[in-house]
file run.txt (compact mmCIF, C-alpha atoms)
# COMPACT_ATOMS: atom_id res chain seq x y z
CA MET B 1 194.82 247.22 103.41
CA LYS B 2 192.41 246.35 106.19
CA ASN B 3 190.63 249.67 105.63
CA ILE B 4 190.21 248.98 101.93
CA LEU B 5 188.69 245.59 102.71
CA LEU B 6 186.32 247.21 105.19
CA ILE B 7 185.29 249.81 102.63
CA ILE B 8 184.68 247.11 100.00
CA LEU B 9 182.69 245.11 102.53
CA PHE B 10 180.68 248.21 103.41
CA ILE B 11 179.90 248.94 99.75
CA PHE B 12 178.78 245.36 99.18
CA THR B 13 176.63 245.20 102.27
CA SER B 14 174.98 248.54 101.55
CA LEU B 15 174.34 247.58 97.93
CA GLY B 16 173.08 244.16 98.86
CA ALA B 17 170.58 245.31 101.46
CA ASP B 18 167.15 244.24 100.33
CA ILE B 19 164.23 246.50 101.09
CA ALA B 20 161.18 244.88 99.49
CA ILE B 21 159.75 241.56 98.34
CA ILE B 22 157.92 240.70 95.10
CA LYS B 23 154.54 239.19 96.00
CA SER B 24 152.87 238.88 92.62
CA VAL B 25 154.03 238.75 89.01
CA LYS B 26 152.02 238.49 85.81
CA GLY B 27 153.58 238.39 82.35
CA SER B 28 157.04 239.84 81.90
CA VAL B 29 158.54 241.96 84.67
CA GLU B 30 162.18 242.98 84.84
CA ILE B 31 164.41 244.99 87.11
CA LYS B 32 167.40 247.04 86.13
CA ARG B 33 170.04 246.75 88.84
CA ILE B 34 173.21 248.75 88.18
CA TYR B 35 174.28 247.24 84.82
CA ASP B 36 172.09 244.15 84.81
CA ILE B 37 168.55 243.54 83.62
CA LEU B 38 167.01 240.65 85.50
CA PRO B 39 163.62 238.96 85.17
CA VAL B 40 161.76 238.84 88.50
CA LYS B 41 159.61 236.17 90.06
CA VAL B 42 157.51 235.94 93.20
CA GLY B 43 159.69 235.90 96.32
CA ASP B 44 162.57 237.91 94.80
CA LEU B 45 163.95 240.76 96.88
CA LEU B 46 164.47 244.33 95.69
CA ASN B 47 167.24 246.79 96.56
CA GLU B 48 167.45 250.54 96.82
CA GLY B 49 168.22 251.87 93.32
CA ASP B 50 166.37 249.13 91.44
CA ILE B 51 164.28 250.13 88.44
CA ILE B 52 161.12 248.06 87.94
CA MET B 53 159.76 247.61 84.42
CA THR B 54 156.60 245.85 83.36
CA LYS B 55 155.85 244.96 79.75
CA GLU B 56 152.54 244.74 77.90
CA ASP B 57 149.88 242.62 79.67
CA SER B 58 152.17 242.44 82.71
CA SER B 59 151.87 243.55 86.31
CA VAL B 60 153.70 243.26 89.62
CA GLY B 61 152.89 243.58 93.33
CA ILE B 62 155.55 244.58 95.89
CA ILE B 63 155.67 244.94 99.67
CA PHE B 64 158.39 247.13 101.21
CA ASP B 65 160.06 246.59 104.61
CA ASP B 66 157.68 248.98 106.38
CA GLY B 67 154.64 247.21 104.90
CA THR B 68 154.01 249.74 102.10
CA ARG B 69 152.31 248.02 99.18
CA LEU B 70 152.96 249.04 95.59
CA SER B 71 151.35 247.47 92.55
CA LEU B 72 152.10 248.35 88.94
CA GLY B 73 150.05 247.83 85.80
CA ALA B 74 151.31 247.17 82.28
CA LYS B 75 154.09 249.20 80.63
CA SER B 76 155.22 250.84 83.84
CA TYR B 77 158.65 252.20 84.68
CA ILE B 78 159.51 253.17 88.25
CA THR B 79 162.77 253.75 90.10
CA ILE B 80 163.27 253.16 93.82
CA GLU B 81 165.56 256.16 94.18
CA ARG B 82 165.88 255.97 97.96
CA TYR B 83 164.53 253.72 100.67
CA ILE B 84 165.74 254.04 104.24
CA PHE B 85 163.52 252.75 107.03
CA ASP B 86 165.47 252.91 110.29
CA PRO B 87 163.21 253.88 113.21
CA GLN B 88 165.96 253.11 115.74
CA ASN B 89 168.10 255.96 114.41
CA SER B 90 165.17 258.07 113.21
CA LYS B 91 166.44 257.82 109.63
CA PHE B 92 163.80 257.75 106.96
CA ALA B 93 163.73 258.31 103.21
CA PHE B 94 161.39 256.97 100.56
CA ASP B 95 161.69 258.39 97.04
CA LEU B 96 159.98 256.72 94.12
CA ASN B 97 160.13 258.09 90.59
CA MET B 98 157.59 256.91 88.05
CA THR B 99 158.01 258.03 84.47
CA ARG B 100 155.35 255.83 82.90
CA GLY B 101 152.51 253.45 83.70
CA LYS B 102 149.98 252.88 86.43
CA ALA B 103 150.60 252.42 90.12
CA ILE B 104 148.64 251.89 93.31
CA PHE B 105 150.46 252.92 96.47
CA GLU B 106 149.32 252.13 99.99
CA SER B 107 151.61 253.19 102.81
CA GLY B 108 152.63 250.96 105.70
CA LYS B 109 154.55 252.12 108.80
CA PHE B 110 155.98 255.03 106.82
CA GLY B 111 152.51 256.54 106.88
CA VAL B 112 152.51 256.37 110.68
CA VAL B 113 156.13 257.09 111.60
CA ALA B 114 157.44 259.40 108.87
CA PRO B 115 154.74 260.30 106.30
CA LYS B 116 156.53 263.50 105.31
CA LYS B 117 159.58 261.53 104.17
CA VAL B 118 157.65 259.85 101.37
CA LYS B 119 158.03 261.35 97.90
CA PHE B 120 156.33 259.81 94.91
CA LYS B 121 157.72 261.65 91.90
CA VAL B 122 155.95 261.84 88.55
CA PRO B 123 156.70 264.00 85.50
CA ASP B 124 155.93 267.62 86.46
CA GLY B 125 155.23 266.94 90.14
CA ILE B 126 155.57 265.17 93.46
CA ILE B 127 152.97 263.39 95.59
CA GLY B 128 153.41 263.59 99.35
CA ILE B 129 151.47 261.38 101.74
CA ARG B 130 149.54 261.77 104.96
CA GLY B 131 148.84 258.12 105.73
CA THR B 132 147.59 256.98 102.45
CA LYS B 133 146.33 255.03 99.49
CA PHE B 134 146.42 256.60 96.06
CA TYR B 135 146.48 255.81 92.33
CA VAL B 136 148.80 257.29 89.71
CA ASP B 137 148.50 257.13 85.93
CA VAL B 138 151.42 258.49 83.88
CA ARG B 139 151.06 258.50 80.11
CA MET Q 1 158.41 274.60 44.90
CA LEU Q 2 156.12 271.66 45.65
CA ASP Q 3 158.95 270.07 47.61
CA PHE Q 4 159.30 273.20 49.66
CA ILE Q 5 155.58 273.27 50.49
CA ILE Q 6 155.64 269.61 51.53
CA VAL Q 7 158.65 270.16 53.78
CA VAL Q 8 157.08 273.23 55.37
CA SER Q 9 153.79 271.38 55.92
CA ILE Q 10 155.56 268.45 57.58
CA VAL Q 11 157.49 270.81 59.83
CA LEU Q 12 154.29 272.62 60.79
CA ILE Q 13 152.44 269.37 61.50
CA LEU Q 14 155.32 268.09 63.63
CA ALA Q 15 155.48 271.39 65.50
CA GLY Q 16 151.74 271.17 66.07
CA LEU Q 17 152.01 267.64 67.42
CA GLN Q 18 154.89 268.68 69.64
CA ALA Q 19 152.89 271.63 71.01
CA LYS Q 20 149.93 269.38 71.69
CA LYS Q 21 152.17 266.90 73.46
CA THR Q 22 153.71 269.46 75.79
CA THR Q 23 150.39 270.98 76.85
CA GLN Q 24 148.83 267.62 77.66
CA SER Q 25 149.06 266.55 81.28
CA LYS Q 26 150.98 263.34 81.70
CA ALA Q 27 150.14 262.39 85.27
CA SER Q 28 146.75 261.94 86.87
CA ILE Q 29 146.52 261.16 90.56
CA ILE Q 30 143.50 259.80 92.40
CA LEU Q 31 143.08 259.51 96.15
CA GLY Q 32 141.98 256.04 97.21
CA ASP Q 33 139.32 255.03 99.69
CA LYS Q 34 140.42 253.57 103.02
CA ASN Q 35 137.00 252.81 104.44
CA GLY Q 36 136.66 256.01 106.38
CA ALA Q 37 140.22 256.02 107.75
CA ASN Q 38 142.19 259.26 107.48
CA ASN Q 39 143.61 259.51 104.03
CA ALA Q 40 145.16 262.44 102.21
CA ILE Q 41 147.88 263.38 99.77
CA VAL Q 42 149.67 266.62 99.03
CA VAL Q 43 150.35 267.10 95.35
CA SER Q 44 152.97 269.67 94.38
CA SER Q 45 154.03 270.90 90.98
CA LYS Q 46 156.48 273.70 90.25
CA GLY Q 47 155.64 275.85 93.23
CA SER Q 48 151.93 275.11 93.54
CA GLU Q 49 150.64 272.71 96.17
CA LEU Q 50 147.26 271.09 96.72
CA LEU Q 51 145.88 268.95 99.53
CA VAL Q 52 143.56 266.20 98.31
CA ASP Q 53 141.63 264.64 101.17
CA GLU Q 54 138.43 263.30 99.67
CA PRO Q 55 138.36 259.74 98.27
CA PHE Q 56 138.01 259.34 94.48
CA MET Q 57 139.11 262.91 93.80
CA MET Q 58 141.40 263.13 90.77
CA VAL Q 59 143.91 265.85 89.91
CA LYS Q 60 146.05 266.23 86.82
CA LEU Q 61 149.46 267.83 86.63
CA LYS Q 62 149.92 270.44 83.96
CA PRO Q 63 153.27 270.36 82.15
CA ASP Q 64 153.50 274.16 82.32
CA GLY Q 65 153.22 273.90 86.12
CA GLY Q 66 150.10 273.94 88.18
CA ILE Q 67 147.52 271.39 89.19
CA SER Q 68 144.03 270.91 87.78
CA LYS Q 69 140.95 271.38 89.96
CA PRO Q 70 140.05 268.09 91.68
CA VAL Q 71 137.18 266.21 90.05
CA LYS Q 72 135.39 263.22 91.48
CA ILE Q 73 135.54 259.98 89.52
CA SER Q 74 133.41 256.91 90.13
CA ALA Q 75 134.72 253.80 91.85
CA LYS Q 76 133.74 251.90 88.72
CA ASP Q 77 135.86 254.10 86.41
CA LEU Q 78 138.78 253.85 88.81
CA GLN Q 79 138.54 250.06 88.80
CA LYS Q 80 138.43 250.04 85.04
CA GLN Q 81 141.39 252.37 84.63
CA PHE Q 82 143.56 250.46 87.13
CA SER Q 83 142.26 246.92 86.61
CA ASP Q 84 145.68 245.33 85.96
CA ALA Q 85 147.39 247.10 88.87
CA LEU Q 86 144.44 246.17 91.12
CA ASP Q 87 144.82 242.51 90.18
CA ALA Q 88 148.51 242.68 91.12
CA GLU Q 89 147.87 244.27 94.53
CA PRO Q 90 149.51 242.18 97.26
CA LYS Q 91 147.32 241.06 100.13
CA LYS Q 92 147.56 243.15 103.28
CA PRO Q 93 150.41 241.70 105.37
CA TYR Q 94 149.42 239.57 108.37
CA SER Q 95 150.14 241.33 111.64
CA ILE Q 96 150.12 240.02 115.20
CA ASN Q 97 151.15 241.61 118.49
CA LEU Q 98 152.98 239.64 121.17
CA TYR Q 99 152.94 241.17 124.65
CA PHE Q 100 155.57 241.11 127.39
CA GLU Q 101 155.35 240.78 131.20
CA SER Q 102 158.81 242.34 131.54
CA SER Q 103 161.84 242.98 129.34
CA THR Q 104 161.93 239.72 127.34
CA LYS Q 105 159.34 237.58 129.11
CA LEU Q 106 156.26 236.94 126.98
CA THR Q 107 152.80 236.83 128.51
CA SER Q 108 151.44 233.25 128.51
CA SER Q 109 148.77 234.00 125.89
CA SER Q 110 151.37 235.55 123.57
CA LEU Q 111 153.60 232.51 124.00
CA LYS Q 112 150.78 230.43 122.53
CA ASN Q 113 150.53 232.80 119.55
CA ILE Q 114 153.99 231.79 118.35
CA GLN Q 115 152.41 228.62 116.93
CA ASN Q 116 149.84 230.72 115.04
CA ILE Q 117 152.70 232.65 113.44
CA MET Q 118 154.28 229.42 112.23
CA ASN Q 119 150.96 228.37 110.69
CA VAL Q 120 150.54 231.69 108.87
CA LEU Q 121 154.08 231.42 107.47
CA ARG Q 122 153.15 228.28 105.57
CA ASP Q 123 150.37 230.18 103.74
CA LYS Q 124 152.51 233.23 102.97
CA GLU Q 125 155.41 231.40 101.30
CA PRO Q 126 157.61 232.98 99.89
CA TYR Q 127 157.45 235.46 102.72
CA SER Q 128 159.40 238.24 104.34
CA ILE Q 129 159.01 239.09 108.02
CA ALA Q 130 159.36 242.45 109.78
CA ILE Q 131 159.65 242.27 113.55
CA GLY Q 132 159.07 245.56 115.35
CA GLY Q 133 159.91 245.97 119.04
CA TYR Q 134 158.12 248.54 121.23
CA THR Q 135 158.20 249.55 124.91
CA ASP Q 136 155.99 251.47 127.30
CA SER Q 137 157.08 254.96 128.37
CA LYS Q 138 158.63 253.91 131.71
CA GLY Q 139 162.41 254.56 131.62
CA THR Q 140 164.64 256.65 129.38
CA TYR Q 141 164.28 256.96 125.60
CA GLU Q 142 167.70 255.35 125.00
CA LYS Q 143 167.09 252.45 127.35
CA ASN Q 144 163.69 251.79 125.84
CA MET Q 145 165.20 251.76 122.36
CA LEU Q 146 167.58 249.04 123.51
CA ILE Q 147 164.82 247.04 125.25
CA SER Q 148 162.65 247.21 122.14
CA LYS Q 149 165.52 245.93 120.02
CA ASN Q 150 166.18 243.08 122.46
CA ARG Q 151 162.49 242.15 122.40
CA ALA Q 152 162.43 242.04 118.63
CA GLU Q 153 165.68 240.01 118.50
CA PHE Q 154 164.24 237.63 121.10
CA ILE Q 155 161.24 236.90 118.86
CA LYS Q 156 163.51 236.61 115.83
CA ASP Q 157 165.54 233.93 117.64
CA ILE Q 158 162.37 231.98 118.42
CA LEU Q 159 161.36 232.07 114.75
CA LEU Q 160 164.85 230.97 113.64
CA GLU Q 161 164.70 228.06 116.08
CA ASN Q 162 161.46 227.08 114.35
CA GLY Q 163 163.18 226.90 110.98
CA VAL Q 164 162.68 230.41 109.56
CA LYS Q 165 165.63 231.57 107.40
CA SER Q 166 167.39 234.62 108.85
CA SER Q 167 167.64 236.20 105.37
CA ARG Q 168 163.83 236.52 105.43
CA VAL Q 169 163.64 238.32 108.79
CA LYS Q 170 164.30 241.95 109.65
CA VAL Q 171 164.25 243.57 113.04
CA PHE Q 172 163.16 247.15 113.75
CA ALA Q 173 163.42 248.94 117.08
CA TYR Q 174 160.83 251.64 117.75
CA GLY Q 175 161.52 252.18 121.49
CA GLU Q 176 158.74 254.13 123.15
CA SER Q 177 157.54 255.63 119.88
CA GLY Q 178 154.55 254.19 118.03
CA GLN Q 179 152.66 253.15 121.17
CA LEU Q 180 149.35 251.40 120.66
CA PHE Q 181 147.96 252.77 123.89
CA SER Q 182 148.95 256.36 124.44
CA THR Q 183 150.05 257.22 128.01
CA LYS Q 184 151.87 259.99 129.85
CA ASP Q 185 155.65 259.60 130.09
CA GLY Q 186 156.90 257.13 132.69
CA VAL Q 187 153.85 254.85 132.74
CA ARG Q 188 154.06 251.05 132.77
CA GLU Q 189 151.51 249.63 130.32
CA VAL Q 190 151.47 246.03 129.11
CA LYS Q 191 149.69 246.99 125.86
CA ASN Q 192 152.76 248.99 124.90
CA ARG Q 193 155.32 246.32 125.81
CA ARG Q 194 154.99 244.44 122.60
CA VAL Q 195 156.55 243.03 119.47
CA GLU Q 196 154.61 243.29 116.26
CA VAL Q 197 155.32 240.51 113.80
CA ILE Q 198 154.36 241.46 110.25
CA ILE Q 199 154.39 238.69 107.67
CA LYS Q 200 154.43 239.85 104.06
call {"tool": "encode", "arguments": {"input": "run.txt", "output": "structure tokens"}}
result
Amino acid sequence: MKNILLIILFIFTSLGADIAIIKSVKGSVEIKRIYDILPVKVGDLLNEGDIIMTKEDSSVGIIFDDGTRLSLGAKSYITIERYIFDPQNSKFAFDLNMTRGKAIFESGKFGVVAPKKVKFKVPDGIIGIRGTKFYVDVR
Amino acid sequence: MLDFIIVVSIVLILAGLQAKKTTQSKASIILGDKNGANNAIVVSSKGSELLVDEPFMMVKLKPDGGISKPVKISAKDLQKQFSDALDAEPKKPYSINLYFESSTKLTSSSLKNIQNIMNVLRDKEPYSIAIGGYTDSKGTYEKNMLISKNRAEFIKDILLENGVKSSRVKVFAYGESGQLFSTKDGVREVKNRRVEVIIK
């Protein structure tokens, strides 16, 4: 019984671990988290697995734990597939998957400590970073 | 007969549209400008790989695999294309280094900087704070990892005492990695005994 409780606690804590903060919102921006679709506002926190969606005339600006900045233009759709930033245990993973829209990505500590662990996926390809700012437009 | 021709035409048109769709590249990627700082990306697509290391160079991904030749675009066109995302760009986080005499004893000038941090927090509301602890290279890797964690936790406690909510603070231990001032192993160096407070 105790083990089951521990496992449940573990699942909840790992699901609930926030990894980024919303710093700017214009128009209508929503996140898909497991089965829920939630509107976001400035100051909200994001989790690993969240899908961020912006509607027409909408945009959002995000800062991740390591200081990476991501901003999205209108009609964008991006999934935070994995985000692990744990320098103490040398564990790093950062996988984004954008299927539509416009994004500006500027790396934070990831670009210094583990640039090769960053994968920005787009249809038909992957962008890897070497300490970086770049722009992506997916139509 | 007419019906048949119409159906065939529609099918052909649809097939044509489909073909056009699949040969059009969906993603274009442009390297940004970081004011002369090192900046590069590696773009890969179905086995091919390309290093892009010149600002404002754009590549397109071909759906059949492969990457287009990089072409330079103007800063003005880039701004136009990404105007809404540019408007949404968060400000660069505020970062300050606090230095240590010894394990968790701040230098006197760094002690004074705590007040500056509290002032910045008011402007950054709603904020999120990342506290990174670092050590110099004196001592073992494991011990330095622990010291760096203790340093970061020490600063976190100070911020909590000043009214910062713990849900808005995260602590990261870097140990002797990520030194500001690179030294040989085993060297005491105050510039590397630090905690970096990043306010987002």
call {"tool": "residues_around", "arguments": {"input": "run.txt", "residues": "Val169 of chain Q", "least_positions_apart": "5", "cutoff": "10 Å", "atoms": "only C-alpha atoms", "output": "ChimeraX atom specification"}}
result
/B:65 /Q:127-131,156,159-160,164,197-199
call {"tool": "residues_near_point", "arguments": {"input": "run.txt", "point": "(153.9, 229.8, 113.9)", "cutoff": "12 Å", "atoms": "all atoms listed in the file", "output": "JSON, numbers by chain"}}
result
{"Q": [96, 110, 111, 112, 113, 114, 115, 116, 117, 118, 119, 120, 121, 122, 123, 124, 155, 156, 158, 159, 160, 161, 162, 163, 164, 197, 199]}
call {"tool": "write_last_selection", "arguments": {"input": "run.txt", "atoms": "C-alpha atoms", "output": "short mmCIF file (atom, residue, chain, number, x, y, z; two decimals), in the frame of the given file"}}
result
data_model
loop_
_atom_site.label_atom_id
_atom_site.label_comp_id
_atom_site.auth_asym_id
_atom_site.auth_seq_id
_atom_site.Cartn_x
_atom_site.Cartn_y
_atom_site.Cartn_z
CA ILE Q 96 150.12 240.02 115.20
CA SER Q 110 151.37 235.55 123.57
CA LEU Q 111 153.60 232.51 124.00
CA LYS Q 112 150.78 230.43 122.53
CA ASN Q 113 150.53 232.80 119.55
CA ILE Q 114 153.99 231.79 118.35
CA GLN Q 115 152.41 228.62 116.93
CA ASN Q 116 149.84 230.72 115.04
CA ILE Q 117 152.70 232.65 113.44
CA MET Q 118 154.28 229.42 112.23
CA ASN Q 119 150.96 228.37 110.69
CA VAL Q 120 150.54 231.69 108.87
CA LEU Q 121 154.08 231.42 107.47
CA ARG Q 122 153.15 228.28 105.57
CA ASP Q 123 150.37 230.18 103.74
CA LYS Q 124 152.51 233.23 102.97
CA ILE Q 155 161.24 236.90 118.86
CA LYS Q 156 163.51 236.61 115.83
CA ILE Q 158 162.37 231.98 118.42
CA LEU Q 159 161.36 232.07 114.75
CA LEU Q 160 164.85 230.97 113.64
CA GLU Q 161 164.70 228.06 116.08
CA ASN Q 162 161.46 227.08 114.35
CA GLY Q 163 163.18 226.90 110.98
CA VAL Q 164 162.68 230.41 109.56
CA VAL Q 197 155.32 240.51 113.80
CA ILE Q 199 154.39 238.69 107.67
#
call {"tool": "residues_around", "arguments": {"input": "run.txt", "residues": "Phe105 of chain B", "least_positions_apart": "5", "cutoff": "8 Å", "atoms": "all atoms listed in the file", "output": "ChimeraX atom specification"}}
result
/B:68-71,132-135
call {"tool": "residues_near_point", "arguments": {"input": "run.txt", "point": "(167.2, 258.2, 95.3)", "cutoff": "8 Å", "atoms": "all atoms listed in the file", "output": "list in words"}}
result
Glu48, Gly49, Ile80, Glu81, Arg82, Tyr83, Phe94, Asp95 and Leu96 of chain B
call {"tool": "interface_residues", "arguments": {"input": "run.txt", "of": "chain B", "to": "chain Q", "cutoff": "7 Å", "atoms": "all atoms listed in the file", "output": "PyMOL selection string"}}
result
chain B and resi 21+23-24+43+59-63+65+67+69+71-74+87-88+102-104+122-139
call {"tool": "write_last_selection", "arguments": {"input": "run.txt", "atoms": "C-alpha atoms", "output": "PDB file, keeping the file's coordinate frame"}}
result
ATOM      1  CA  ILE B  21     159.750 241.560  98.340  1.00  0.00           C
ATOM      2  CA  LYS B  23     154.540 239.190  96.000  1.00  0.00           C
ATOM      3  CA  SER B  24     152.870 238.880  92.620  1.00  0.00           C
ATOM      4  CA  GLY B  43     159.690 235.900  96.320  1.00  0.00           C
ATOM      5  CA  SER B  59     151.870 243.550  86.310  1.00  0.00           C
ATOM      6  CA  VAL B  60     153.700 243.260  89.620  1.00  0.00           C
ATOM      7  CA  GLY B  61     152.890 243.580  93.330  1.00  0.00           C
ATOM      8  CA  ILE B  62     155.550 244.580  95.890  1.00  0.00           C
ATOM      9  CA  ILE B  63     155.670 244.940  99.670  1.00  0.00           C
ATOM     10  CA  ASP B  65     160.060 246.590 104.610  1.00  0.00           C
ATOM     11  CA  GLY B  67     154.640 247.210 104.900  1.00  0.00           C
ATOM     12  CA  ARG B  69     152.310 248.020  99.180  1.00  0.00           C
ATOM     13  CA  SER B  71     151.350 247.470  92.550  1.00  0.00           C
ATOM     14  CA  LEU B  72     152.100 248.350  88.940  1.00  0.00           C
ATOM     15  CA  GLY B  73     150.050 247.830  85.800  1.00  0.00           C
ATOM     16  CA  ALA B  74     151.310 247.170  82.280  1.00  0.00           C
ATOM     17  CA  PRO B  87     163.210 253.880 113.210  1.00  0.00           C
ATOM     18  CA  GLN B  88     165.960 253.110 115.740  1.00  0.00           C
ATOM     19  CA  LYS B 102     149.980 252.880  86.430  1.00  0.00           C
ATOM     20  CA  ALA B 103     150.600 252.420  90.120  1.00  0.00           C
ATOM     21  CA  ILE B 104     148.640 251.890  93.310  1.00  0.00           C
ATOM     22  CA  VAL B 122     155.950 261.840  88.550  1.00  0.00           C
ATOM     23  CA  PRO B 123     156.700 264.000  85.500  1.00  0.00           C
ATOM     24  CA  ASP B 124     155.930 267.620  86.460  1.00  0.00           C
ATOM     25  CA  GLY B 125     155.230 266.940  90.140  1.00  0.00           C
ATOM     26  CA  ILE B 126     155.570 265.170  93.460  1.00  0.00           C
ATOM     27  CA  ILE B 127     152.970 263.390  95.590  1.00  0.00           C
ATOM     28  CA  GLY B 128     153.410 263.590  99.350  1.00  0.00           C
ATOM     29  CA  ILE B 129     151.470 261.380 101.740  1.00  0.00           C
ATOM     30  CA  ARG B 130     149.540 261.770 104.960  1.00  0.00           C
ATOM     31  CA  GLY B 131     148.840 258.120 105.730  1.00  0.00           C
ATOM     32  CA  THR B 132     147.590 256.980 102.450  1.00  0.00           C
ATOM     33  CA  LYS B 133     146.330 255.030  99.490  1.00  0.00           C
ATOM     34  CA  PHE B 134     146.420 256.600  96.060  1.00  0.00           C
ATOM     35  CA  TYR B 135     146.480 255.810  92.330  1.00  0.00           C
ATOM     36  CA  VAL B 136     148.800 257.290  89.710  1.00  0.00           C
ATOM     37  CA  ASP B 137     148.500 257.130  85.930  1.00  0.00           C
ATOM     38  CA  VAL B 138     151.420 258.490  83.880  1.00  0.00           C
ATOM     39  CA  ARG B 139     151.060 258.500  80.110  1.00  0.00           C
TER      40      ARG B 139
END
call {"tool": "atom_distance", "arguments": {"input": "run.txt", "atom1": "atom CA of Leu180 of chain Q", "atom2": "atom CA of Asn97 of chain Q"}}
result
10.2 Å
call {"tool": "atom_distance", "arguments": {"input": "run.txt", "atom1": "atom CA of Ile84 of chain B", "atom2": "atom CA of Ser182 of chain Q"}}
result
26.4 Å
call {"tool": "atom_distance", "arguments": {"input": "run.txt", "atom1": "atom CA of Phe85 of chain B", "atom2": "atom CA of Lys121 of chain B"}}
result
18.5 Å
call {"tool": "closest_residue", "arguments": {"input": "run.txt", "among": "Q:Ala152, Q:Val195, Q:Val187, Q:Ile147", "to": "Ser103 of chain Q", "atoms": "all atoms listed in the file"}}
result
Q:Ile147
call {"tool": "residues_around", "arguments": {"input": "run.txt", "residues": "Lys138 of chain Q", "least_positions_apart": "5", "cutoff": "10 Å", "atoms": "all atoms listed in the file", "output": "list in words"}}
result
Lys143, Asn144, Glu176, Thr183, Lys184, Asp185, Gly186, Val187, Arg188 and Glu189 of chain Q
call {"tool": "axis_aligned_box", "arguments": {"input": "run.txt", "around": "segment 129-134 of chain B", "padding_each_side": "3 Å", "output": "lines of an AutoDock Vina configuration file"}}
result
center_x = 148.9
center_y = 258.4
center_z = 100.9
size_x = 11.1
size_y = 12.7
size_z = 15.7
